[in-house]
Amino acid sequence: MAQILYLRHLGIKILSQQPQVVVQQLEELTALCPTHTRRSEESVQLQQFSTPLPLAYLVAKAGFIQVTDLILEPSAGTGLLAQMAKLHSASLMLNELAPDREKILRRLFPGTPLFSVNAEQINDYLVGKTQPSVVLMNPPFCASLKINSRNRDATPRHINSALQRLADGGRLVTISANWFSPNNHTWRDTFIKMQEKATVVLSVGINGKVYSKHGTHIDTRLTVIDKTPATDATDIACINDTVELDELATLIEQLPPRPVWEATTSNAQVYVSKGVRLSPVKPKSQSASVTQTLSQFLNIVPLDYEVIDWAATEGLKDTLYETYRPQRLRIKDALPHPSLLCESAALALVSPPAPTYKPHLPQHIITQGLLSEAQLESVIYAGLAHSEFLSGSYLVDDSWDNVTVAATGEDYAVRFRRGWFLGDGTGAGKGRQAAGILLDNWCQGRSKAIWISKSSALIEDARRDWCALGGDAKDIIDLSNIKLGDSIPFTQGILFCTYSTLRSQKNGKSRLKQIVEWAGKDFEEAIAFDECHAMGNAMAQEGKLGMVAASQQGIVGLRLQNALPQARVVYVSATGATKVSNLSYANRLGLWQTGDFPFTSREDFVESIEGGGIAAMEVVARDLKALGLYLARSLSFEGVE
């Protein structure tokens with residue numbers, strides 16, 4: 001309230017100065033104010049964060065307010081935005097749901113129309129009232145009346161209702177969370193639908209330090225919308241970077257004027273918004289984002305993390321399972337896994353190597369927690385493994401069955417890219433992690449992938465996990481819909497098939513050959529073997545009643561890996577290291593024949609480990625984790641009775 005009274009004392013003088021000068025003066029004034037750190041339950045529940053004075057000035061500046069305007073502020077709070085509009089001598093309409101803040105507004109703005117309704121439906125409540133020509137708003141980002149949990153739909157509901165109330169040709173200026181961006185795949189369709197009746201003329205992120213005096217450091221976003229239909233609904237002006245307030249002031253000065261009347265050929269008059277494409281501002285504190293590979297994913301950045309040291313005694317207790325947290329890294333802005341994870345004490349005693357690989361992912365994947373910290377760790381270590389090749393060179397015969405060590409420099413010799421094993425239990429989100437690994441490759445231009453799973457019904461799970469990260473369900477191609485023997489007509493996409501489909505063949509035509517022809521011999525993209533224990537028994541072995549033949553699914557899985565030596569292979573199974581026969585298909589881990597482990601062949605490995613029983617398998621799992629080739633986390637039962 002004191003700030004508002006001080007603004008009135010300054011009066012019209014504040015409008016006659018350069019915007020950058022005013023911003024600096026208001027920042028100095030704000031610095032003298034106490035920090036808003038103590039909050040009532042109501043202010044926390046309804047996300048009542050007042051607009052910082054310098055930002056309120058720029059919001060009003062972006063509205064291009066005139067004396068003749070009627071300004072609506074749907075979530076007026078304590079009136080800081082309203083006062084900035086009042087300095088332009090415009091008329092006001094205010095709305096505030098919270099009783100205490102409503103009383104403050106009545107004292108500060110006597111005689112001003114003041115409503116007390118839920119602003120998510122403000123258009124319905126104010127039907128029949130005069131329509132405003134400008135809307136200035138800073139609505140709750142994800143808080144809704146009578147809904148206890150956070151609701152991200154609150155922001156678009158507030159904006160859409162206010163936009164409907166706004167007069168044709170009017171301008172709406174809103175502050176939102178930075179995630180409510182046209183370049184965020186989650187909200188892209190919302191903005192496209194909005195542009196059928198309006199035009200976004202500016203959307204730019206604002207550095208979170210603006211709100212430091214208000215008890216938070218969250219990055220925000222300023223969006224300016226003119227209520228005139230866009231010429232192209234899919235062409236939306238948006239700047240990904242977050243900027244400082246002086247840079248924001250410069251951008252606002254570049255804004256087009258408010259829409260003007262123009263005569264059409266039918267002599268009817270319509271509003272036309274002279275929208276301009278703003279050039280991105282390079283932020284002072286951030287490096288430039290990596291150029292996007294495909295239009296589907298925007299704001300792709302290298303994952304930022306810090307490598308830390310780890311000691312074997314760190315936090316360990318005398319238990320069978322240890323609470324899990326990534327041992328060698330801390331990822332900037334990453335959220336913890338939604339449920340507590342744990343790891344067997346044997347695995348917790350070894351740590352993976354310090355990673356050097358940096359995945360490329362859309363920024364919102366990290367900030368919105370679409371992949372948790374533990375899941376992002378999997379993407380990092382998978383990428384690290386895929387950056388290396390197994391020791392030695394090999395010759396693969398035409399049947400893709402036999403692999404022999406090649407002499408140095410021998411013709412037709414190939415090198416096999418190292419694979420990675422995800423052994424997480426139920427609830428750790430193995431499908432989401434597999435999708436994350438595919439997305440990392442996709443964002444780096446490797447837009448083909450192969451996803452193999454146990455049953456055809458699991459394609460819906462694959463689509464769910466891919467779409468959750470911002471992908472399109474149409475990216476996933478169901479191989480069963482393509483006739484055996486026909487060439488696969490797609491140049492990019494994720495080819496989904498089951499193990500039973502993979503092994504099928506008829507009249508000399510096979511699904512395996514169909515897939516290899518689509519992939520091409522230089523295929524460097526990812527292959528995800530989901531539920532890979534379905535390829536168990538990939539070699540003939542002694543059973544209780546004599547020799548048991550190798551399973552066809554295991555054989556064809558090995559052939560696919562041999563046919564595409566440069567593929568980035570991911571094995572996914574919760575029961576991967578329980579039986580040694582379940583590892584006989586995993587030739588990309590380098591457990592045999594490579595010289596990295598003391599086993600000359602697959603048979604030698606299986607025979608030796610079987611003799612040691614489950615303890616020997618535990619040693620294998622520990623060694624694989626120590627090499628950065630294996631992770632196995634489970635949901636913790638801590639606190640469960």
# chains A, B, ... in the order shown; residues from 1 in each chain; ligands from 1

$ residues_around --residues "A:Ala334" --least-positions-apart "5" --cutoff "12 Å" --atoms "only C-alpha atoms" --output "VMD selection string"
chain A and resid 303 to 306 326 329 363 to 377

$ closest_residue --among "A:Gly111, A:Pro359, A:Gly536, A:Gly427" --to "A:Pro302" --atoms "only C-alpha atoms"
A:Pro359

$ residues_around --residues "stretch 550-556 of chain A" --least-positions-apart "4" --cutoff "12 Å" --atoms "only C-alpha atoms" --output "ChimeraX atom specification"
/A:399-402,452-454,498-505,510-513,515-516,529,532-543,560-563,581-587

$ select_by_dssp --residues "stretch 183-417 of chain A" --states "helix (DSSP H, G or I)" --output "PyMOL selection string"
chain A and resi 185-194+208-214+245-253+345-348+363-367+373-386

$ closest_residue --among "A:Ser378, A:Thr78, A:Ser601, A:Ser455" --to "A:Gly423" --atoms "only C-alpha atoms"
A:Ser378

$ select_by_dssp --residues "stretch 297-388 of chain A" --states "strand (DSSP E or B)" --output "JSON, numbers by chain"
{"A": [300, 301, 302, 305, 306, 307, 321, 322, 323, 329, 330, 331, 341, 342, 343, 344, 360, 361, 362]}

$ atom_distance --atom1 "atom CA of A:Pro257" --atom2 "atom CA of A:Asp232"
19.5 Å

$ residues_around --residues "A:Ala119" --least-positions-apart "2" --cutoff "9 Å" --atoms "only C-alpha atoms" --output "VMD selection string"
chain A and resid 74 to 75 95 to 97 116 to 117 121 to 123 125 139 157 to 158 161 to 162

$ write_last_selection --atoms "C-alpha atoms" --output "short mmCIF file (atom, residue, chain, number, x, y, z; two decimals), in the first residue's frame"
data_model
loop_
_atom_site.label_atom_id
_atom_site.label_comp_id
_atom_site.auth_asym_id
_atom_site.auth_seq_id
_atom_site.Cartn_x
_atom_site.Cartn_y
_atom_site.Cartn_z
CA PRO A 74 -9.05 -9.82 -13.06
CA SER A 75 -6.71 -10.75 -10.16
CA ASN A 95 -11.74 -8.08 -9.42
CA GLU A 96 -10.32 -9.78 -6.31
CA LEU A 97 -11.58 -12.93 -4.64
CA SER A 116 -15.27 -10.52 -6.05
CA VAL A 117 -15.61 -13.54 -8.35
CA GLN A 121 -14.89 -17.54 -15.15
CA ILE A 122 -14.69 -13.75 -15.24
CA ASN A 123 -16.26 -13.52 -18.70
CA TYR A 125 -19.67 -13.30 -14.24
CA PRO A 139 -3.11 -14.68 -12.29
CA ARG A 157 -8.31 -20.71 -17.93
CA HIS A 158 -7.67 -17.25 -16.44
CA SER A 161 -11.78 -16.08 -19.86
CA ALA A 162 -10.21 -12.60 -19.72
#

$ closest_residue --among "A:Pro156, A:Val224, A:Gly445, A:Lys209" --to "A:Trp187" --atoms "only C-alpha atoms"
A:Pro156

$ closest_residue --among "A:Leu395, A:Leu458, A:Ala567, A:Ile331" --to "A:Tyr412" --atoms "only C-alpha atoms"
A:Leu395

$ closest_residue --among "A:Gln327, A:Gln593, A:Ser634, A:Ser203" --to "A:Ser391" --atoms "only C-alpha atoms"
A:Gln593

$ decode --residues "stretch 197-245 of chain A" --atoms "N, CA and C atoms" --output "PDB file, in the first residue's frame"
ATOM      1  N   LYS A 197      -8.608 -16.494 -32.623  1.00  0.00           N
ATOM      2  CA  LYS A 197      -9.353 -15.265 -32.339  1.00  0.00           C
ATOM      3  C   LYS A 197      -8.444 -14.133 -31.866  1.00  0.00           C
ATOM      4  N   ALA A 198      -7.159 -14.431 -31.671  1.00  0.00           N
ATOM      5  CA  ALA A 198      -6.249 -13.418 -31.145  1.00  0.00           C
ATOM      6  C   ALA A 198      -4.859 -13.632 -31.740  1.00  0.00           C
ATOM      7  N   THR A 199      -3.961 -12.684 -31.482  1.00  0.00           N
ATOM      8  CA  THR A 199      -2.595 -12.769 -32.009  1.00  0.00           C
ATOM      9  C   THR A 199      -1.599 -12.524 -30.877  1.00  0.00           C
ATOM     10  N   VAL A 200      -0.720 -13.486 -30.646  1.00  0.00           N
ATOM     11  CA  VAL A 200       0.358 -13.286 -29.674  1.00  0.00           C
ATOM     12  C   VAL A 200       1.434 -12.429 -30.343  1.00  0.00           C
ATOM     13  N   VAL A 201       1.653 -11.232 -29.816  1.00  0.00           N
ATOM     14  CA  VAL A 201       2.653 -10.343 -30.427  1.00  0.00           C
ATOM     15  C   VAL A 201       3.984 -10.367 -29.678  1.00  0.00           C
ATOM     16  N   LEU A 202       3.976 -10.917 -28.458  1.00  0.00           N
ATOM     17  CA  LEU A 202       5.227 -11.058 -27.720  1.00  0.00           C
ATOM     18  C   LEU A 202       5.057 -12.117 -26.636  1.00  0.00           C
ATOM     19  N   SER A 203       6.047 -13.012 -26.538  1.00  0.00           N
ATOM     20  CA  SER A 203       6.118 -13.962 -25.415  1.00  0.00           C
ATOM     21  C   SER A 203       7.588 -14.115 -25.080  1.00  0.00           C
ATOM     22  N   VAL A 204       7.975 -13.698 -23.869  1.00  0.00           N
ATOM     23  CA  VAL A 204       9.396 -13.708 -23.517  1.00  0.00           C
ATOM     24  C   VAL A 204       9.549 -14.043 -22.035  1.00  0.00           C
ATOM     25  N   GLY A 205      10.561 -14.886 -21.722  1.00  0.00           N
ATOM     26  CA  GLY A 205      10.831 -15.255 -20.334  1.00  0.00           C
ATOM     27  C   GLY A 205      11.525 -14.125 -19.581  1.00  0.00           C
ATOM     28  N   ILE A 206      11.290 -14.084 -18.251  1.00  0.00           N
ATOM     29  CA  ILE A 206      11.866 -13.040 -17.396  1.00  0.00           C
ATOM     30  C   ILE A 206      12.661 -13.715 -16.288  1.00  0.00           C
ATOM     31  N   ASN A 207      13.864 -13.256 -16.073  1.00  0.00           N
ATOM     32  CA  ASN A 207      14.739 -13.835 -15.047  1.00  0.00           C
ATOM     33  C   ASN A 207      14.057 -13.803 -13.672  1.00  0.00           C
ATOM     34  N   GLY A 208      14.168 -14.936 -12.943  1.00  0.00           N
ATOM     35  CA  GLY A 208      13.460 -15.097 -11.675  1.00  0.00           C
ATOM     36  C   GLY A 208      13.897 -14.154 -10.572  1.00  0.00           C
ATOM     37  N   LYS A 209      15.060 -13.500 -10.716  1.00  0.00           N
ATOM     38  CA  LYS A 209      15.519 -12.629  -9.624  1.00  0.00           C
ATOM     39  C   LYS A 209      14.620 -11.394  -9.456  1.00  0.00           C
ATOM     40  N   VAL A 210      13.779 -11.113 -10.468  1.00  0.00           N
ATOM     41  CA  VAL A 210      12.818 -10.003 -10.363  1.00  0.00           C
ATOM     42  C   VAL A 210      11.933 -10.188  -9.130  1.00  0.00           C
ATOM     43  N   TYR A 211      11.626 -11.447  -8.810  1.00  0.00           N
ATOM     44  CA  TYR A 211      10.704 -11.752  -7.713  1.00  0.00           C
ATOM     45  C   TYR A 211      11.424 -12.021  -6.392  1.00  0.00           C
ATOM     46  N   SER A 212      12.742 -11.759  -6.325  1.00  0.00           N
ATOM     47  CA  SER A 212      13.499 -12.151  -5.134  1.00  0.00           C
ATOM     48  C   SER A 212      12.957 -11.491  -3.862  1.00  0.00           C
ATOM     49  N   LYS A 213      12.488 -10.246  -3.942  1.00  0.00           N
ATOM     50  CA  LYS A 213      11.932  -9.565  -2.777  1.00  0.00           C
ATOM     51  C   LYS A 213      10.540 -10.090  -2.414  1.00  0.00           C
ATOM     52  N   HIS A 214       9.964 -10.865  -3.314  1.00  0.00           N
ATOM     53  CA  HIS A 214       8.610 -11.382  -3.082  1.00  0.00           C
ATOM     54  C   HIS A 214       8.626 -12.839  -2.637  1.00  0.00           C
ATOM     55  N   GLY A 215       9.811 -13.313  -2.229  1.00  0.00           N
ATOM     56  CA  GLY A 215       9.885 -14.627  -1.615  1.00  0.00           C
ATOM     57  C   GLY A 215      10.012 -15.794  -2.568  1.00  0.00           C
ATOM     58  N   THR A 216      10.369 -15.530  -3.834  1.00  0.00           N
ATOM     59  CA  THR A 216      10.546 -16.628  -4.785  1.00  0.00           C
ATOM     60  C   THR A 216      11.563 -16.212  -5.837  1.00  0.00           C
ATOM     61  N   HIS A 217      12.098 -17.190  -6.552  1.00  0.00           N
ATOM     62  CA  HIS A 217      13.044 -16.892  -7.638  1.00  0.00           C
ATOM     63  C   HIS A 217      12.606 -17.564  -8.926  1.00  0.00           C
ATOM     64  N   ILE A 218      11.325 -17.905  -9.044  1.00  0.00           N
ATOM     65  CA  ILE A 218      10.842 -18.622 -10.221  1.00  0.00           C
ATOM     66  C   ILE A 218      10.897 -17.726 -11.460  1.00  0.00           C
ATOM     67  N   ASP A 219      11.372 -18.285 -12.576  1.00  0.00           N
ATOM     68  CA  ASP A 219      11.351 -17.546 -13.839  1.00  0.00           C
ATOM     69  C   ASP A 219       9.904 -17.346 -14.268  1.00  0.00           C
ATOM     70  N   THR A 220       9.600 -16.164 -14.780  1.00  0.00           N
ATOM     71  CA  THR A 220       8.241 -15.863 -15.246  1.00  0.00           C
ATOM     72  C   THR A 220       8.272 -15.555 -16.737  1.00  0.00           C
ATOM     73  N   ARG A 221       7.117 -15.230 -17.291  1.00  0.00           N
ATOM     74  CA  ARG A 221       7.019 -14.965 -18.734  1.00  0.00           C
ATOM     75  C   ARG A 221       5.991 -13.857 -18.961  1.00  0.00           C
ATOM     76  N   LEU A 222       6.340 -12.911 -19.808  1.00  0.00           N
ATOM     77  CA  LEU A 222       5.407 -11.850 -20.213  1.00  0.00           C
ATOM     78  C   LEU A 222       4.838 -12.200 -21.580  1.00  0.00           C
ATOM     79  N   THR A 223       3.509 -12.207 -21.677  1.00  0.00           N
ATOM     80  CA  THR A 223       2.851 -12.497 -22.946  1.00  0.00           C
ATOM     81  C   THR A 223       1.911 -11.349 -23.286  1.00  0.00           C
ATOM     82  N   VAL A 224       2.018 -10.841 -24.504  1.00  0.00           N
ATOM     83  CA  VAL A 224       1.165  -9.745 -24.985  1.00  0.00           C
ATOM     84  C   VAL A 224       0.303 -10.286 -26.123  1.00  0.00           C
ATOM     85  N   ILE A 225      -1.026 -10.153 -25.972  1.00  0.00           N
ATOM     86  CA  ILE A 225      -1.965 -10.729 -26.941  1.00  0.00           C
ATOM     87  C   ILE A 225      -2.933  -9.649 -27.415  1.00  0.00           C
ATOM     88  N   ASP A 226      -3.041  -9.463 -28.737  1.00  0.00           N
ATOM     89  CA  ASP A 226      -4.039  -8.559 -29.314  1.00  0.00           C
ATOM     90  C   ASP A 226      -5.243  -9.365 -29.766  1.00  0.00           C
ATOM     91  N   LYS A 227      -6.444  -8.873 -29.481  1.00  0.00           N
ATOM     92  CA  LYS A 227      -7.647  -9.630 -29.825  1.00  0.00           C
ATOM     93  C   LYS A 227      -8.045  -9.365 -31.278  1.00  0.00           C
ATOM     94  N   THR A 228      -7.202  -9.885 -32.159  1.00  0.00           N
ATOM     95  CA  THR A 228      -7.487  -9.892 -33.591  1.00  0.00           C
ATOM     96  C   THR A 228      -7.028 -11.243 -34.113  1.00  0.00           C
ATOM     97  N   PRO A 229      -7.783 -11.904 -34.975  1.00  0.00           N
ATOM     98  CA  PRO A 229      -7.385 -13.239 -35.446  1.00  0.00           C
ATOM     99  C   PRO A 229      -6.023 -13.190 -36.130  1.00  0.00           C
ATOM    100  N   ALA A 230      -5.199 -14.190 -35.854  1.00  0.00           N
ATOM    101  CA  ALA A 230      -3.876 -14.280 -36.478  1.00  0.00           C
ATOM    102  C   ALA A 230      -4.014 -14.729 -37.926  1.00  0.00           C
ATOM    103  N   THR A 231      -3.136 -14.239 -38.783  1.00  0.00           N
ATOM    104  CA  THR A 231      -3.168 -14.670 -40.190  1.00  0.00           C
ATOM    105  C   THR A 231      -2.759 -16.135 -40.320  1.00  0.00           C
ATOM    106  N   ASP A 232      -1.848 -16.589 -39.443  1.00  0.00           N
ATOM    107  CA  ASP A 232      -1.438 -17.995 -39.423  1.00  0.00           C
ATOM    108  C   ASP A 232      -1.387 -18.435 -37.962  1.00  0.00           C
ATOM    109  N   ALA A 233      -2.335 -19.289 -37.561  1.00  0.00           N
ATOM    110  CA  ALA A 233      -2.465 -19.676 -36.151  1.00  0.00           C
ATOM    111  C   ALA A 233      -1.235 -20.394 -35.627  1.00  0.00           C
ATOM    112  N   THR A 234      -0.475 -21.028 -36.525  1.00  0.00           N
ATOM    113  CA  THR A 234       0.697 -21.794 -36.072  1.00  0.00           C
ATOM    114  C   THR A 234       1.961 -20.946 -35.977  1.00  0.00           C
ATOM    115  N   ASP A 235       1.899 -19.707 -36.476  1.00  0.00           N
ATOM    116  CA  ASP A 235       3.075 -18.830 -36.452  1.00  0.00           C
ATOM    117  C   ASP A 235       2.962 -17.924 -35.225  1.00  0.00           C
ATOM    118  N   ILE A 236       3.683 -18.259 -34.157  1.00  0.00           N
ATOM    119  CA  ILE A 236       3.519 -17.563 -32.883  1.00  0.00           C
ATOM    120  C   ILE A 236       4.840 -16.910 -32.489  1.00  0.00           C
ATOM    121  N   ALA A 237       4.797 -15.598 -32.243  1.00  0.00           N
ATOM    122  CA  ALA A 237       6.000 -14.866 -31.835  1.00  0.00           C
ATOM    123  C   ALA A 237       6.403 -15.313 -30.440  1.00  0.00           C
ATOM    124  N   CYS A 238       7.605 -15.846 -30.301  1.00  0.00           N
ATOM    125  CA  CYS A 238       8.041 -16.346 -28.995  1.00  0.00           C
ATOM    126  C   CYS A 238       9.558 -16.294 -28.895  1.00  0.00           C
ATOM    127  N   ILE A 239      10.043 -15.834 -27.753  1.00  0.00           N
ATOM    128  CA  ILE A 239      11.473 -15.827 -27.461  1.00  0.00           C
ATOM    129  C   ILE A 239      11.705 -16.798 -26.311  1.00  0.00           C
ATOM    130  N   ASN A 240      12.556 -17.784 -26.535  1.00  0.00           N
ATOM    131  CA  ASN A 240      12.785 -18.824 -25.526  1.00  0.00           C
ATOM    132  C   ASN A 240      13.550 -18.320 -24.318  1.00  0.00           C
ATOM    133  N   ASP A 241      14.500 -17.412 -24.549  1.00  0.00           N
ATOM    134  CA  ASP A 241      15.428 -17.020 -23.495  1.00  0.00           C
ATOM    135  C   ASP A 241      14.734 -16.201 -22.411  1.00  0.00           C
ATOM    136  N   THR A 242      15.304 -16.228 -21.207  1.00  0.00           N
ATOM    137  CA  THR A 242      14.855 -15.316 -20.151  1.00  0.00           C
ATOM    138  C   THR A 242      15.722 -14.061 -20.208  1.00  0.00           C
ATOM    139  N   VAL A 243      15.105 -12.907 -19.991  1.00  0.00           N
ATOM    140  CA  VAL A 243      15.819 -11.634 -20.121  1.00  0.00           C
ATOM    141  C   VAL A 243      15.742 -10.861 -18.813  1.00  0.00           C
ATOM    142  N   GLU A 244      16.610  -9.866 -18.685  1.00  0.00           N
ATOM    143  CA  GLU A 244      16.569  -8.944 -17.545  1.00  0.00           C
ATOM    144  C   GLU A 244      15.534  -7.864 -17.837  1.00  0.00           C
ATOM    145  N   LEU A 245      15.192  -7.068 -16.822  1.00  0.00           N
ATOM    146  CA  LEU A 245      14.126  -6.069 -16.999  1.00  0.00           C
ATOM    147  C   LEU A 245      14.501  -4.966 -17.989  1.00  0.00           C
TER     148      LEU A 245
END
